[in-house]
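Below is upload-v6.txt, which holds compact mmCIF, C-alpha atoms and all ligand atoms.
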```txt
# COMPACT_ATOMS: atom_id res chain seq x y z
CA MET A 1 -23.96 84.42 281.99
CA HIS A 2 -23.61 88.17 282.32
CA LEU A 3 -21.78 90.72 280.16
CA ARG A 4 -20.00 92.76 282.82
CA GLU A 5 -17.76 95.03 280.81
CA ILE A 6 -16.82 96.24 277.34
CA GLU A 7 -13.50 97.95 276.80
CA ILE A 8 -13.09 99.75 273.48
CA LYS A 9 -10.01 101.43 272.12
CA GLY A 10 -9.50 102.74 268.61
CA PHE A 11 -12.72 101.15 267.35
CA LYS A 12 -14.94 103.34 265.13
CA SER A 13 -15.70 106.61 266.94
CA PHE A 14 -13.88 105.51 270.14
CA ALA A 15 -10.40 106.95 269.63
CA ASP A 16 -9.43 106.69 273.30
CA LYS A 17 -9.94 103.82 275.67
CA VAL A 18 -13.49 103.63 277.00
CA VAL A 19 -14.68 101.12 279.57
CA LEU A 20 -18.40 100.50 279.82
CA GLN A 21 -19.58 98.67 282.93
CA PHE A 22 -22.86 96.80 282.90
CA PRO A 23 -24.04 96.08 286.42
CA LYS A 24 -26.67 93.38 286.95
CA GLY A 25 -30.10 94.27 285.64
CA ILE A 26 -31.01 96.42 282.69
CA SER A 27 -28.46 98.92 281.35
CA ALA A 28 -29.12 101.71 278.91
CA VAL A 29 -26.57 103.60 276.83
CA VAL A 30 -27.92 107.05 276.15
CA GLY A 31 -26.58 109.74 273.85
CA PRO A 32 -27.43 112.08 270.99
CA ASN A 33 -27.59 110.92 267.38
CA GLY A 34 -24.23 109.92 266.04
CA SER A 35 -22.62 109.75 269.46
CA GLY A 36 -21.61 106.10 269.04
CA LYS A 37 -24.34 104.07 270.74
CA SER A 38 -24.69 101.64 267.85
CA ASN A 39 -20.90 101.49 267.57
CA VAL A 40 -20.89 99.81 270.99
CA VAL A 41 -23.18 97.10 269.61
CA ASP A 42 -20.97 96.82 266.52
CA ALA A 43 -17.97 96.32 268.81
CA LEU A 44 -19.82 93.56 270.65
CA ARG A 45 -20.87 91.85 267.42
CA TRP A 46 -17.37 92.12 265.99
CA VAL A 47 -15.78 90.32 268.94
CA LEU A 48 -18.48 87.68 268.90
CA GLY A 49 -17.42 86.78 265.38
CA GLU A 50 -19.62 88.81 263.06
CA GLN A 51 -18.08 88.46 259.60
CA SER A 52 -20.39 90.60 257.54
CA SER A 53 -19.15 94.16 257.00
CA LYS A 54 -22.73 95.20 256.31
CA ASN A 55 -23.84 94.00 259.75
CA LEU A 56 -20.92 95.91 261.25
CA ARG A 57 -21.99 98.98 259.25
CA THR A 58 -18.71 99.41 257.46
CA ASP A 59 -17.27 98.64 254.02
CA SER A 60 -14.22 96.74 255.19
CA SER A 61 -12.96 95.46 258.51
CA VAL A 62 -9.88 97.75 258.57
CA ASN A 63 -12.25 100.70 258.41
CA LEU A 64 -13.45 99.70 261.86
CA ILE A 65 -10.28 101.41 263.08
CA PHE A 66 -10.78 105.00 264.22
CA SER A 67 -10.33 107.05 261.05
CA GLY A 68 -9.32 110.32 262.69
CA ASN A 69 -11.07 113.61 263.23
CA GLU A 70 -10.23 117.28 263.69
CA PHE A 71 -8.77 116.57 267.16
CA LYS A 72 -7.06 113.22 266.72
CA PRO A 73 -5.18 111.46 263.95
CA ALA A 74 -6.34 108.04 262.69
CA GLY A 75 -5.49 105.03 264.83
CA GLN A 76 -3.25 102.08 263.99
CA SER A 77 -5.44 99.40 265.49
CA ALA A 78 -8.85 98.74 267.00
CA LYS A 79 -9.20 96.73 270.16
CA VAL A 80 -12.33 95.53 271.92
CA LYS A 81 -12.47 93.43 275.04
CA LEU A 82 -15.59 91.78 276.46
CA VAL A 83 -15.77 90.45 280.00
CA PHE A 84 -18.43 87.86 280.75
CA ASP A 85 -19.18 86.78 284.31
CA GLU A 86 -21.03 83.84 285.80
CA ILE A 87 -20.31 81.50 282.94
CA ASN A 88 -21.27 78.51 285.13
CA ARG A 89 -20.64 75.97 282.42
CA PRO A 90 -17.98 73.61 283.81
CA ASP A 91 -18.95 71.17 281.05
CA ILE A 92 -17.64 73.67 278.47
CA ILE A 93 -15.06 75.85 280.22
CA ASP A 94 -13.55 75.56 283.68
CA VAL A 95 -13.46 79.27 284.51
CA ASN A 96 -16.32 81.48 285.55
CA THR A 97 -15.08 84.71 283.99
CA LEU A 98 -14.37 84.92 280.30
CA GLU A 99 -12.34 87.73 278.74
CA ILE A 100 -12.47 87.86 274.98
CA GLU A 101 -10.32 90.37 273.18
CA LYS A 102 -10.07 91.07 269.48
CA ILE A 103 -7.61 93.38 267.77
CA ILE A 104 -7.35 94.43 264.16
CA TYR A 105 -4.33 96.23 262.71
CA LYS A 106 -4.12 98.58 259.73
CA ASP A 107 -2.70 95.76 257.55
CA GLY A 108 -5.83 93.68 258.22
CA LYS A 109 -4.15 91.27 260.63
CA THR A 110 -6.49 90.18 263.43
CA GLU A 111 -5.65 88.73 266.83
CA TYR A 112 -7.83 87.03 269.42
CA PHE A 113 -7.14 86.55 273.10
CA LEU A 114 -9.12 84.29 275.35
CA ASN A 115 -8.48 85.05 279.02
CA LYS A 116 -5.29 86.84 277.88
CA LYS A 117 -4.00 83.82 275.94
CA ASP A 118 -3.56 83.81 272.18
CA ALA A 119 -6.54 82.11 270.57
CA ARG A 120 -7.60 81.01 267.12
CA GLN A 121 -10.79 82.40 265.66
CA LYS A 122 -12.10 78.89 264.99
CA ASP A 123 -11.78 77.86 268.66
CA LEU A 124 -13.41 81.04 269.80
CA VAL A 125 -16.35 80.74 267.41
CA GLU A 126 -16.85 77.15 268.57
CA LEU A 127 -16.69 78.14 272.23
CA LEU A 128 -19.16 80.99 271.73
CA ALA A 129 -21.51 78.72 269.81
CA SER A 130 -21.46 76.17 272.62
CA LEU A 131 -22.21 78.97 275.08
CA GLN A 132 -25.09 80.03 272.80
CA LEU A 133 -23.40 83.35 272.16
CA GLY A 134 -23.29 83.66 268.39
CA THR A 135 -24.14 86.65 266.27
CA LYS A 136 -26.95 85.21 264.19
CA GLY A 137 -29.51 84.46 266.84
CA LEU A 138 -31.49 86.53 269.23
CA SER A 139 -28.59 87.46 271.53
CA ILE A 140 -28.27 90.87 269.90
CA ILE A 141 -31.29 92.74 268.67
CA SER A 142 -30.03 95.94 267.16
CA GLN A 143 -31.68 99.11 266.01
CA GLY A 144 -34.30 98.30 263.39
CA SER A 145 -33.87 94.56 263.64
CA ILE A 146 -36.94 93.76 265.74
CA GLU A 147 -38.94 94.10 262.56
CA ASN A 148 -36.46 91.82 260.78
CA ILE A 149 -36.90 89.13 263.40
CA LEU A 150 -40.61 89.12 262.70
CA LYS A 151 -40.21 88.85 258.95
CA VAL A 152 -37.12 86.66 258.51
CA SER A 153 -37.21 83.75 256.12
CA PRO A 154 -37.90 80.26 257.50
CA GLN A 155 -34.22 79.43 256.85
CA GLU A 156 -33.02 82.39 258.96
CA ARG A 157 -35.55 81.56 261.65
CA LYS A 158 -34.17 78.01 261.72
CA VAL A 159 -30.67 79.45 262.35
CA MET A 160 -32.05 81.54 265.23
CA PHE A 161 -33.69 78.55 266.88
CA GLU A 162 -30.59 76.44 266.34
CA GLU A 163 -28.54 79.09 268.08
CA ILE A 164 -30.96 79.37 271.00
CA LEU A 165 -31.01 75.60 271.41
CA GLY A 166 -27.23 75.36 271.16
CA LEU A 167 -27.40 73.36 267.93
CA ARG A 168 -25.23 75.81 266.04
CA GLN A 169 -22.02 74.27 267.33
CA LEU A 170 -23.12 70.79 266.32
CA GLU A 171 -24.17 72.13 262.94
CA MET A 172 -20.69 73.67 262.49
CA LYS A 173 -19.02 70.40 263.49
CA LYS A 174 -21.25 68.54 261.04
CA ASP A 175 -20.24 70.94 258.24
CA ALA A 176 -16.56 70.48 259.11
CA SER A 177 -16.96 66.69 259.11
CA GLU A 178 -18.74 66.82 255.77
CA ARG A 179 -15.88 68.85 254.32
CA LYS A 180 -13.38 66.31 255.68
CA LEU A 181 -15.42 63.46 254.19
CA GLN A 182 -15.46 65.24 250.85
CA ASN A 183 -11.66 65.62 251.00
CA THR A 184 -11.28 61.95 251.91
CA ASN A 185 -13.44 60.98 248.95
CA THR A 186 -11.31 63.11 246.63
CA ASN A 187 -8.17 61.47 248.03
CA LEU A 188 -9.74 58.05 247.61
CA ASP A 189 -10.46 58.83 243.96
CA LYS A 190 -6.84 59.91 243.49
CA VAL A 191 -5.57 56.71 245.11
CA SER A 192 -7.81 54.48 243.01
CA SER A 193 -6.72 56.19 239.78
CA LEU A 194 -3.09 55.70 240.90
CA VAL A 195 -3.81 52.03 241.57
CA ASN A 196 -5.34 51.70 238.10
CA GLU A 197 -2.22 53.28 236.64
CA ILE A 198 0.17 51.05 238.57
CA LEU A 199 -1.73 47.76 238.23
CA PRO A 200 -0.55 46.87 234.67
CA HIS A 201 3.10 47.48 235.72
CA PHE A 202 2.54 45.38 238.77
CA ARG A 203 1.14 42.50 236.65
CA SER A 204 4.11 42.51 234.28
CA LEU A 205 6.52 42.62 237.25
CA LYS A 206 4.69 39.64 238.73
CA ARG A 207 5.27 37.75 235.47
CA TYR A 208 9.00 38.57 235.64
CA VAL A 209 9.13 37.33 239.21
CA SER A 210 7.48 34.05 238.32
CA ARG A 211 9.90 33.62 235.38
CA PHE A 212 12.79 34.32 237.67
CA ASP A 213 11.53 31.68 240.12
CA LYS A 214 11.24 29.16 237.28
CA GLN A 215 14.78 29.99 236.14
CA LYS A 216 16.05 29.15 239.61
CA GLU A 217 14.13 25.84 239.51
CA TYR A 218 15.65 24.93 236.08
CA GLN A 219 19.14 25.87 237.26
CA ASP A 220 18.83 23.56 240.26
CA GLU A 221 17.51 20.78 238.06
CA LEU A 222 20.34 21.31 235.56
CA LEU A 223 22.91 21.18 238.35
CA ALA A 224 21.47 17.96 239.77
CA LEU A 225 21.31 16.34 236.32
CA SER A 226 24.84 17.37 235.36
CA GLN A 227 26.20 16.07 238.67
CA LYS A 228 24.47 12.76 237.96
CA TYR A 229 25.75 12.70 234.38
CA PHE A 230 29.39 13.53 235.20
CA GLY A 231 29.32 11.15 238.17
CA TYR A 232 28.16 8.37 235.90
CA LYS A 233 30.77 9.26 233.19
CA HIS A 234 33.52 9.29 235.82
CA LYS A 235 32.58 5.77 236.92
CA VAL A 236 32.66 4.51 233.29
P1 LIG B 301 -28.20 107.11 266.31
O1 LIG B 301 -28.84 107.63 267.57
O2 LIG B 301 -28.46 108.03 265.16
O3 LIG B 301 -28.49 105.69 266.01
P2 LIG B 301 -25.63 106.33 267.32
O4 LIG B 301 -25.36 106.90 268.68
O5 LIG B 301 -26.07 104.93 267.24
O6 LIG B 301 -26.62 107.28 266.54
P3 LIG B 301 -23.42 105.47 265.80
O7 LIG B 301 -24.05 104.99 264.57
O8 LIG B 301 -22.97 104.47 266.79
O9 LIG B 301 -24.32 106.56 266.49
O10 LIG B 301 -22.13 106.34 265.48
C1 LIG B 301 -21.97 106.97 264.26
C2 LIG B 301 -20.71 107.79 264.32
O11 LIG B 301 -19.57 106.95 264.34
C3 LIG B 301 -20.60 108.66 263.11
O12 LIG B 301 -20.33 109.99 263.53
C4 LIG B 301 -19.41 108.13 262.37
O13 LIG B 301 -18.67 109.14 261.75
C5 LIG B 301 -18.61 107.53 263.49
N1 LIG B 301 -17.72 106.49 262.96
C6 LIG B 301 -18.03 105.30 262.37
N2 LIG B 301 -16.94 104.65 261.98
C7 LIG B 301 -15.87 105.42 262.33
C8 LIG B 301 -14.45 105.29 262.19
N3 LIG B 301 -13.90 104.22 261.62
N4 LIG B 301 -13.68 106.28 262.66
C9 LIG B 301 -14.23 107.37 263.24
N5 LIG B 301 -15.53 107.56 263.41
C10 LIG B 301 -16.37 106.60 262.96
MG MG B 302 -27.73 103.97 266.45
```

In structure tokens, write the structure found in this file.
Ligand code: ATP
Ligand code: MG
Amino acid sequence: MHLREIEIKGFKSFADKVVLQFPKGISAVVGPNGSGKSNVVDALRWVLGEQSSKNLRTDSSVNLIFSGNEFKPAGQSAKVKLVFDEINRPDIIDVNTLEIEKIIYKDGKTEYFLNKKDARQKDLVELLASLQLGTKGLSIISQGSIENILKVSPQERKVMFEEILGLRQLEMKKDASERKLQNTNTNLDKVSSLVNEILPHFRSLKRYVSRFDKQKEYQDELLALSQKYFGYKHKV
């Protein structure tokens, strides 16, 4: 898989549309301090599903939108598109080029597009995890984080290895299944307490039904006996 292009518009310091092409091999983004090099990495992380504002170096996701400067007013939305080539994973996705676009609006609403089609965040995160493209592993090593990688906790290291091995997606599915199981258990508890509530009523209704059946039996018997009796009387 190869990240071929990043298109940024209205994200952080990128007020106007910028398209960065990454030909095969090693690419370097060079610029003076504060020129927006790390913002490119933030844009990449953001599309790949980074949730933590701290990791995106902002205080809230709407502040990722260009906030204006002396030349340009603030933007209304931030849009970043990533183009991946050579996916070569027919077992996961049947196309070889993947375009992932994320947009955030001033009101906080976010939209995702997967190859230009509307997509849900959940599907995208799952797809990226199965392509080993999450945000927690070693795919992105940002400024200052090489040191972090060396001194992360065993738990964080486990997450990294899981991501490299493609276990993240399974882990997420397992968590979702566990949540479903938990919900089912809660529902089961509700149902059994309902059953306990209804059972006494059911028992007394059952008694009524059996009395009703007996009444029918007695009525039939009475009818037969009275027919016999009046038949006999008539003869006498
Ligand atoms: P360094 O070489 O020091 O690491 P850098 O090239 O990585 O610098 P960045 O951290 O990417 O620079 O960019 C920082 C710049 O982005 C700052 O000037 C900051 O004002 C600007 N910036 C961040 N968020 C926004 C925003 N929402 N709107 C406008 N500008 C922003
Ligand atoms: Mg930087």

Which residues are near ligand LIG 301 (chain B) in this structure, taking near to mean any atom at most 9 Å from a ligand atom and counting all atoms listed in the file? Format them as JSON, numbers by chain. {"A": [10, 11, 12, 13, 14, 15, 29, 30, 31, 32, 33, 34, 35, 36, 37, 38, 39, 40, 41, 42, 57, 58, 62, 63, 64, 65, 66, 67, 68, 69, 74, 75, 143]}

How about saving the chosen residues, C-alpha atoms kept, as a short mmCIF file (atom, residue, chain, number, x, y, z; two decimals), in the frame of the given file?
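Saved result, out.cif, follows:
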```cif
data_model
loop_
_atom_site.label_atom_id
_atom_site.label_comp_id
_atom_site.auth_asym_id
_atom_site.auth_seq_id
_atom_site.Cartn_x
_atom_site.Cartn_y
_atom_site.Cartn_z
CA GLY A 10 -9.50 102.74 268.61
CA PHE A 11 -12.72 101.15 267.35
CA LYS A 12 -14.94 103.34 265.13
CA SER A 13 -15.70 106.61 266.94
CA PHE A 14 -13.88 105.51 270.14
CA ALA A 15 -10.40 106.95 269.63
CA VAL A 29 -26.57 103.60 276.83
CA VAL A 30 -27.92 107.05 276.15
CA GLY A 31 -26.58 109.74 273.85
CA PRO A 32 -27.43 112.08 270.99
CA ASN A 33 -27.59 110.92 267.38
CA GLY A 34 -24.23 109.92 266.04
CA SER A 35 -22.62 109.75 269.46
CA GLY A 36 -21.61 106.10 269.04
CA LYS A 37 -24.34 104.07 270.74
CA SER A 38 -24.69 101.64 267.85
CA ASN A 39 -20.90 101.49 267.57
CA VAL A 40 -20.89 99.81 270.99
CA VAL A 41 -23.18 97.10 269.61
CA ASP A 42 -20.97 96.82 266.52
CA ARG A 57 -21.99 98.98 259.25
CA THR A 58 -18.71 99.41 257.46
CA VAL A 62 -9.88 97.75 258.57
CA ASN A 63 -12.25 100.70 258.41
CA LEU A 64 -13.45 99.70 261.86
CA ILE A 65 -10.28 101.41 263.08
CA PHE A 66 -10.78 105.00 264.22
CA SER A 67 -10.33 107.05 261.05
CA GLY A 68 -9.32 110.32 262.69
CA ASN A 69 -11.07 113.61 263.23
CA ALA A 74 -6.34 108.04 262.69
CA GLY A 75 -5.49 105.03 264.83
CA GLN A 143 -31.68 99.11 266.01
#
```

Centre, x/y/z edge lengths, axis-aligned box for segment 85-94 of chain A with 8 Å per side, as lines of an AutoDock Vina configuration file:
```
center_x = -17.4
center_y = 79.0
center_z = 282.1
size_x = 23.7
size_y = 31.6
size_z = 23.3
```

Shell around Lys122 of chain A at 12 Å using all atoms listed in the file, local window under 5 positions removed, as a PDB file with C-alpha atoms, in the frame of the given file:
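Printed below is around-v2.pdb as written:
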```pdb
ATOM      1  CA  LEU A  48     -18.480  87.680 268.900  1.00  0.00           C
ATOM      2  CA  GLY A  49     -17.420  86.780 265.380  1.00  0.00           C
ATOM      3  CA  GLU A 111      -5.650  88.730 266.830  1.00  0.00           C
ATOM      4  CA  TYR A 112      -7.830  87.030 269.420  1.00  0.00           C
ATOM      5  CA  LEU A 127     -16.690  78.140 272.230  1.00  0.00           C
ATOM      6  CA  LEU A 128     -19.160  80.990 271.730  1.00  0.00           C
ATOM      7  CA  ALA A 129     -21.510  78.720 269.810  1.00  0.00           C
ATOM      8  CA  GLN A 169     -22.020  74.270 267.330  1.00  0.00           C
ATOM      9  CA  MET A 172     -20.690  73.670 262.490  1.00  0.00           C
ATOM     10  CA  LYS A 173     -19.020  70.400 263.490  1.00  0.00           C
ATOM     11  CA  ALA A 176     -16.560  70.480 259.110  1.00  0.00           C
TER      12      ALA A 176
END
```

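Proximity to Asn55 of chain A was assessed for A:Thr184, A:Ser27, A:Ser142, A:Gln219 counting only C-alpha atoms; the smallest distance is recorded for A:Ser142.
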
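Nearest-residue note for ligand MG 302 (chain B): choosing from A:Leu131, A:Ile100, A:Ile8, A:Ile141, the minimum distance belongs to A:Ile141, counting all atoms listed in the file.
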
I'd like the neighbourhood of segment 2-5 of chain A as a PyMOL selection string, where a residue qualifies if any of its atoms comes within 7 Å (using only C-alpha atoms), though same-chain residues fewer than 3 positions away should be ignored. chain A and resi 19-23+82-86

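Pairwise distance (atom CA of Glu197 of chain A, atom CA of Asn183 of chain A) equals 21.2 Å.
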
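For the pair atom CA of Glu50 of chain A and atom CA of Ile26 of chain A, the interatomic distance is 23.9 Å.
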
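Distances to ligand MG 302 (chain B) were evaluated for A:Met1, A:Leu56, A:Ile103, A:Gly231 using all atoms listed in the file, and the minimum falls at A:Leu56.
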
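For Asn96 of chain A, the set of protein, DNA and RNA residues having any atom at most 8 Å away, when counting only C-alpha atoms and skipping those fewer than 2 positions along the same chain, is Asp85, Glu86, Ile87, Asn88, Arg89, Ile93, Asp94 and Leu98 of chain A.
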
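In this model, the gap between atom CA of Phe113 of chain A and atom CA of Leu44 of chain A comes to 14.7 Å.
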
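Taking all atoms listed in the file into account, Glu101 of chain A lies nearest to A:Glu7 out of the set A:Glu221, A:Asp123, A:Glu162, A:Glu7.
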
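With only C-alpha atoms and all ligand atoms as the atoms that count, the residue of A:Glu163, A:Ile104, A:Val95, A:Gly144 with the shortest distance to ligand MG 302 (chain B) is A:Gly144.
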
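Every protein or nucleic acid residue with an atom no more than 12 Å from Lys54 of chain A, counting all atoms listed in the file and leaving out same-chain residues fewer than 5 positions away, appears here: Asp42, Arg45, Trp46, Asp59, Ser60, Ser61 and Leu64 of chain A.
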